[in-house]
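Step one of this worksheet: look at the structure below.
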Amino acid sequence: MPSENLLDVRNLAPPEPLERVLTAIGSLGKGQYLRVRHHREPFPLYPILQKSGFTWLTQPGLEAPFEIFIWRRNDEHVQSDVQRLLAKNI
């Protein structure tokens with residue numbers, strides 16, 4: 001079962017949210033994903049994730065305006081788990 005790492009950057013000023021996300025994804029292993037709670041959609045993050053071999057899904061959150069789920073590309077177990085969570089609106 002994939003494991004979640006939660007990172008809440010809602011109350012941080014730029015560029016600290018981006019810096020914290022980049023630090024956190026550096027330690028993600030197979031079977032792990034990062035759930036980021038953010039006060040706005042982090043458009044500058046997406047090209048960095050793409051180039052670094054990560055996949056992500058962004059959705060409106062319950063605890064924050066945006067939740068971004070990030071995992072290593074081709075980690076199918078994590079992708080399935082995240083899609084299940086999103087289908088349940090968790």
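How things are named: the first chain in the structure tokens is A, the next is B, and so on; residues count from 1 in each chain; ligands count from 1 in the order shown.
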Q: Considering only C-alpha atoms, return as a PyMOL selection string whatever protein or nucleic-acid residues lie within 8 Å of stretch 72-86 of chain A, sequence-local ones (same chain, fewer than 4 positions apart) excluded.
A: chain A and resi 1-2+28-33+53-55+90
Store the residues picked out above, limited to N, CA and C atoms, as a PDB file, in the first residue's frame.
ATOM      1  N   MET A   1       0.840  -1.191   0.000  1.00  0.00           N
ATOM      2  CA  MET A   1       0.000   0.000   0.000  1.00  0.00           C
ATOM      3  C   MET A   1       0.883   1.252   0.000  1.00  0.00           C
ATOM      4  N   PRO A   2       0.664   2.164  -0.941  1.00  0.00           N
ATOM      5  CA  PRO A   2       1.456   3.391  -0.999  1.00  0.00           C
ATOM      6  C   PRO A   2       1.287   4.236   0.261  1.00  0.00           C
ATOM      7  N   LEU A  28      11.161  11.208  -1.950  1.00  0.00           N
ATOM      8  CA  LEU A  28      10.099  10.242  -2.242  1.00  0.00           C
ATOM      9  C   LEU A  28      10.692   8.980  -2.866  1.00  0.00           C
ATOM     10  N   GLY A  29      10.328   7.849  -2.312  1.00  0.00           N
ATOM     11  CA  GLY A  29      10.756   6.573  -2.866  1.00  0.00           C
ATOM     12  C   GLY A  29       9.604   5.886  -3.576  1.00  0.00           C
ATOM     13  N   LYS A  30       9.888   4.724  -4.094  1.00  0.00           N
ATOM     14  CA  LYS A  30       8.839   3.941  -4.745  1.00  0.00           C
ATOM     15  C   LYS A  30       7.738   3.650  -3.722  1.00  0.00           C
ATOM     16  N   GLY A  31       6.501   3.802  -4.144  1.00  0.00           N
ATOM     17  CA  GLY A  31       5.375   3.542  -3.253  1.00  0.00           C
ATOM     18  C   GLY A  31       5.010   4.703  -2.351  1.00  0.00           C
ATOM     19  N   GLN A  32       5.595   5.867  -2.577  1.00  0.00           N
ATOM     20  CA  GLN A  32       5.286   7.041  -1.761  1.00  0.00           C
ATOM     21  C   GLN A  32       4.797   8.181  -2.650  1.00  0.00           C
ATOM     22  N   TYR A  33       3.932   9.001  -2.075  1.00  0.00           N
ATOM     23  CA  TYR A  33       3.510  10.199  -2.791  1.00  0.00           C
ATOM     24  C   TYR A  33       3.429  11.363  -1.817  1.00  0.00           C
ATOM     25  N   GLY A  53      10.854  13.933 -13.647  1.00  0.00           N
ATOM     26  CA  GLY A  53      10.358  12.559 -13.640  1.00  0.00           C
ATOM     27  C   GLY A  53       9.221  12.288 -12.680  1.00  0.00           C
ATOM     28  N   PHE A  54       8.404  13.301 -12.419  1.00  0.00           N
ATOM     29  CA  PHE A  54       7.274  13.134 -11.513  1.00  0.00           C
ATOM     30  C   PHE A  54       5.961  13.322 -12.261  1.00  0.00           C
ATOM     31  N   THR A  55       4.937  12.714 -11.720  1.00  0.00           N
ATOM     32  CA  THR A  55       3.563  12.888 -12.200  1.00  0.00           C
ATOM     33  C   THR A  55       2.787  13.562 -11.075  1.00  0.00           C
ATOM     34  N   ILE A  90     -11.437  12.261  -0.853  1.00  0.00           N
ATOM     35  CA  ILE A  90     -10.791  12.313   0.475  1.00  0.00           C
ATOM     36  C   ILE A  90      -9.724  13.379   0.452  1.00  0.00           C
TER      37      ILE A  90
END
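The list of residues with at least one atom within 12 Å of A:Asn5, based on only C-alpha atoms and without residues fewer than 5 positions apart in the same chain, reads Val21, Ala24, Ile25, Ser27, Leu28, Gly29, Gly31, Gln32, Tyr33, Leu34, Arg35, Val36, Arg37, Ile68, Phe69, Ile70 and Trp71 of chain A.
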Q: Run DSSP on the backbone and give me the residues of chain A it puts in alpha helix (DSSP H), as a PyMOL selection string.
A: chain A and resi 16-25+45-52+76-87
Selection to disk with N, CA and C atoms, as a tab-separated table (two decimals), in the first residue's frame:
chain	number	residue	atom	x	y	z
A	16	GLU	N	9.04	30.05	-0.74
A	16	GLU	CA	9.17	28.94	0.21
A	16	GLU	C	8.30	27.73	-0.11
A	17	PRO	N	7.05	27.88	-0.57
A	17	PRO	CA	6.28	26.68	-0.92
A	17	PRO	C	6.96	25.84	-2.00
A	18	LEU	N	7.45	26.48	-3.04
A	18	LEU	CA	8.14	25.76	-4.11
A	18	LEU	C	9.39	25.07	-3.57
A	19	GLU	N	10.18	25.77	-2.78
A	19	GLU	CA	11.39	25.19	-2.22
A	19	GLU	C	11.09	23.98	-1.34
A	20	ARG	N	10.06	24.07	-0.53
A	20	ARG	CA	9.71	22.95	0.36
A	20	ARG	C	9.22	21.74	-0.42
A	21	VAL	N	8.42	21.99	-1.47
A	21	VAL	CA	7.94	20.88	-2.30
A	21	VAL	C	9.13	20.19	-2.98
A	22	LEU	N	10.05	20.97	-3.53
A	22	LEU	CA	11.20	20.38	-4.22
A	22	LEU	C	12.07	19.57	-3.25
A	23	THR	N	12.22	20.03	-2.05
A	23	THR	CA	12.96	19.27	-1.04
A	23	THR	C	12.23	17.98	-0.71
A	24	ALA	N	10.93	18.07	-0.53
A	24	ALA	CA	10.14	16.88	-0.14
A	24	ALA	C	10.11	15.82	-1.24
A	25	ILE	N	10.00	16.22	-2.49
A	25	ILE	CA	9.94	15.20	-3.55
A	25	ILE	C	11.28	14.50	-3.74
A	45	LEU	N	5.61	25.16	-10.56
A	45	LEU	CA	6.07	23.84	-10.13
A	45	LEU	C	5.93	22.79	-11.22
A	46	TYR	N	4.91	22.87	-12.02
A	46	TYR	CA	4.59	21.79	-12.97
A	46	TYR	C	5.70	21.48	-13.98
A	47	PRO	N	6.32	22.48	-14.62
A	47	PRO	CA	7.41	22.13	-15.55
A	47	PRO	C	8.61	21.48	-14.83
A	48	ILE	N	8.84	21.88	-13.60
A	48	ILE	CA	9.94	21.28	-12.83
A	48	ILE	C	9.64	19.82	-12.55
A	49	LEU	N	8.40	19.53	-12.17
A	49	LEU	CA	8.01	18.14	-11.92
A	49	LEU	C	8.15	17.31	-13.20
A	50	GLN	N	7.69	17.86	-14.30
A	50	GLN	CA	7.77	17.16	-15.59
A	50	GLN	C	9.21	16.79	-15.93
A	51	LYS	N	10.11	17.75	-15.81
A	51	LYS	CA	11.52	17.52	-16.15
A	51	LYS	C	12.21	16.58	-15.17
A	52	SER	N	11.70	16.52	-13.94
A	52	SER	CA	12.34	15.73	-12.89
A	52	SER	C	11.80	14.30	-12.78
A	76	GLU	N	2.93	2.76	-10.73
A	76	GLU	CA	1.52	2.48	-10.97
A	76	GLU	C	0.71	2.24	-9.69
A	77	HIS	N	1.34	1.67	-8.67
A	77	HIS	CA	0.62	1.44	-7.41
A	77	HIS	C	0.20	2.76	-6.78
A	78	VAL	N	1.11	3.72	-6.79
A	78	VAL	CA	0.78	5.03	-6.23
A	78	VAL	C	-0.30	5.69	-7.07
A	79	GLN	N	-0.17	5.64	-8.38
A	79	GLN	CA	-1.16	6.27	-9.24
A	79	GLN	C	-2.55	5.70	-8.98
A	80	SER	N	-2.65	4.39	-8.86
A	80	SER	CA	-3.95	3.76	-8.58
A	80	SER	C	-4.50	4.20	-7.24
A	81	ASP	N	-3.63	4.27	-6.23
A	81	ASP	CA	-4.06	4.67	-4.89
A	81	ASP	C	-4.56	6.11	-4.89
A	82	VAL	N	-3.83	7.00	-5.54
A	82	VAL	CA	-4.23	8.40	-5.60
A	82	VAL	C	-5.55	8.54	-6.34
A	83	GLN	N	-5.72	7.83	-7.44
A	83	GLN	CA	-6.97	7.91	-8.19
A	83	GLN	C	-8.15	7.40	-7.35
A	84	ARG	N	-7.92	6.36	-6.55
A	84	ARG	CA	-8.96	5.87	-5.65
A	84	ARG	C	-9.33	6.91	-4.61
A	85	LEU	N	-8.32	7.57	-4.03
A	85	LEU	CA	-8.58	8.62	-3.04
A	85	LEU	C	-9.38	9.75	-3.65
A	86	LEU	N	-9.01	10.16	-4.84
A	86	LEU	CA	-9.71	11.26	-5.49
A	86	LEU	C	-11.14	10.90	-5.85
A	87	ALA	N	-11.35	9.65	-6.21
A	87	ALA	CA	-12.71	9.20	-6.54
A	87	ALA	C	-13.61	9.23	-5.31
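The shortest atom-to-atom distance to A:Arg40, with only C-alpha atoms taken into account, belongs to A:Glu67 out of A:Leu6, A:Asn89, A:Gly26, A:Glu67.
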Q: Can you pull out every residue within 9 Å of A:Glu41, counting only C-alpha atoms, but drop anything in the same chain fewer than 3 positions away, and send it as a PyMOL selection string?
A: chain A and resi 38+44+58+65-68
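Distance-wise, atom CA of A:Gly61 and atom CA of A:Arg10 end up 11.6 Å apart.
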Q.
So that I can check the secondary structure, give me every residue of chain A assigned strand (DSSP E or B) by backbone DSSP, as a ChimeraX atom specification.
A. /A:3-8,32-38,54-60,66-72
Restricted to N, CA and C atoms, what would the selected residues look like written as a short mmCIF file (atom, residue, chain, number, x, y, z; two decimals), in the first residue's frame?
data_model
loop_
_atom_site.label_atom_id
_atom_site.label_comp_id
_atom_site.auth_asym_id
_atom_site.auth_seq_id
_atom_site.Cartn_x
_atom_site.Cartn_y
_atom_site.Cartn_z
N SER A 3 2.32 4.98 0.59
CA SER A 3 2.25 5.82 1.78
C SER A 3 2.26 7.30 1.39
N GLU A 4 1.53 8.06 2.17
CA GLU A 4 1.36 9.48 1.91
C GLU A 4 2.27 10.30 2.81
N ASN A 5 2.89 11.32 2.23
CA ASN A 5 3.62 12.33 2.98
C ASN A 5 2.84 13.63 2.77
N LEU A 6 2.47 14.28 3.85
CA LEU A 6 1.66 15.50 3.77
C LEU A 6 2.55 16.72 3.98
N LEU A 7 2.36 17.71 3.12
CA LEU A 7 3.08 18.97 3.22
C LEU A 7 2.08 20.10 3.09
N ASP A 8 1.96 20.92 4.12
CA ASP A 8 1.03 22.04 4.13
C ASP A 8 1.84 23.33 3.96
N GLN A 32 5.60 5.87 -2.58
CA GLN A 32 5.29 7.04 -1.76
C GLN A 32 4.80 8.18 -2.65
N TYR A 33 3.93 9.00 -2.07
CA TYR A 33 3.51 10.20 -2.79
C TYR A 33 3.43 11.36 -1.82
N LEU A 34 3.48 12.55 -2.35
CA LEU A 34 3.40 13.77 -1.57
C LEU A 34 2.04 14.41 -1.82
N ARG A 35 1.37 14.75 -0.74
CA ARG A 35 0.10 15.48 -0.82
C ARG A 35 0.38 16.89 -0.31
N VAL A 36 0.25 17.87 -1.19
CA VAL A 36 0.57 19.25 -0.86
C VAL A 36 -0.73 20.04 -0.72
N ARG A 37 -0.86 20.71 0.39
CA ARG A 37 -1.99 21.64 0.58
C ARG A 37 -1.48 23.04 0.34
N HIS A 38 -2.13 23.74 -0.60
CA HIS A 38 -1.63 25.04 -1.06
C HIS A 38 -2.78 26.02 -1.17
N PHE A 54 8.40 13.30 -12.42
CA PHE A 54 7.27 13.13 -11.51
C PHE A 54 5.96 13.32 -12.26
N THR A 55 4.94 12.71 -11.72
CA THR A 55 3.56 12.89 -12.20
C THR A 55 2.79 13.56 -11.07
N TRP A 56 1.74 14.29 -11.41
CA TRP A 56 0.95 14.98 -10.40
C TRP A 56 -0.49 15.10 -10.84
N LEU A 57 -1.32 15.28 -9.86
CA LEU A 57 -2.74 15.60 -10.06
C LEU A 57 -3.07 16.74 -9.11
N THR A 58 -3.78 17.72 -9.61
CA THR A 58 -4.20 18.85 -8.79
C THR A 58 -5.72 18.87 -8.75
N GLN A 59 -6.23 19.14 -7.57
CA GLN A 59 -7.69 19.22 -7.42
C GLN A 59 -8.04 20.22 -6.33
N PRO A 60 -9.29 20.70 -6.33
CA PRO A 60 -9.73 21.52 -5.20
C PRO A 60 -9.67 20.67 -3.94
N PHE A 66 -6.28 24.20 -2.83
CA PHE A 66 -5.71 23.25 -3.77
C PHE A 66 -4.96 22.15 -3.05
N GLU A 67 -5.10 20.93 -3.58
CA GLU A 67 -4.28 19.81 -3.14
C GLU A 67 -3.60 19.24 -4.37
N ILE A 68 -2.29 19.07 -4.24
CA ILE A 68 -1.49 18.55 -5.34
C ILE A 68 -0.89 17.23 -4.88
N PHE A 69 -1.15 16.17 -5.63
CA PHE A 69 -0.62 14.84 -5.35
C PHE A 69 0.54 14.61 -6.31
N ILE A 70 1.71 14.29 -5.77
CA ILE A 70 2.92 14.15 -6.58
C ILE A 70 3.56 12.79 -6.30
N TRP A 71 3.95 12.07 -7.37
CA TRP A 71 4.64 10.80 -7.21
C TRP A 71 5.58 10.59 -8.39
N ARG A 72 6.48 9.63 -8.22
CA ARG A 72 7.45 9.33 -9.28
C ARG A 72 6.74 8.71 -10.48
#
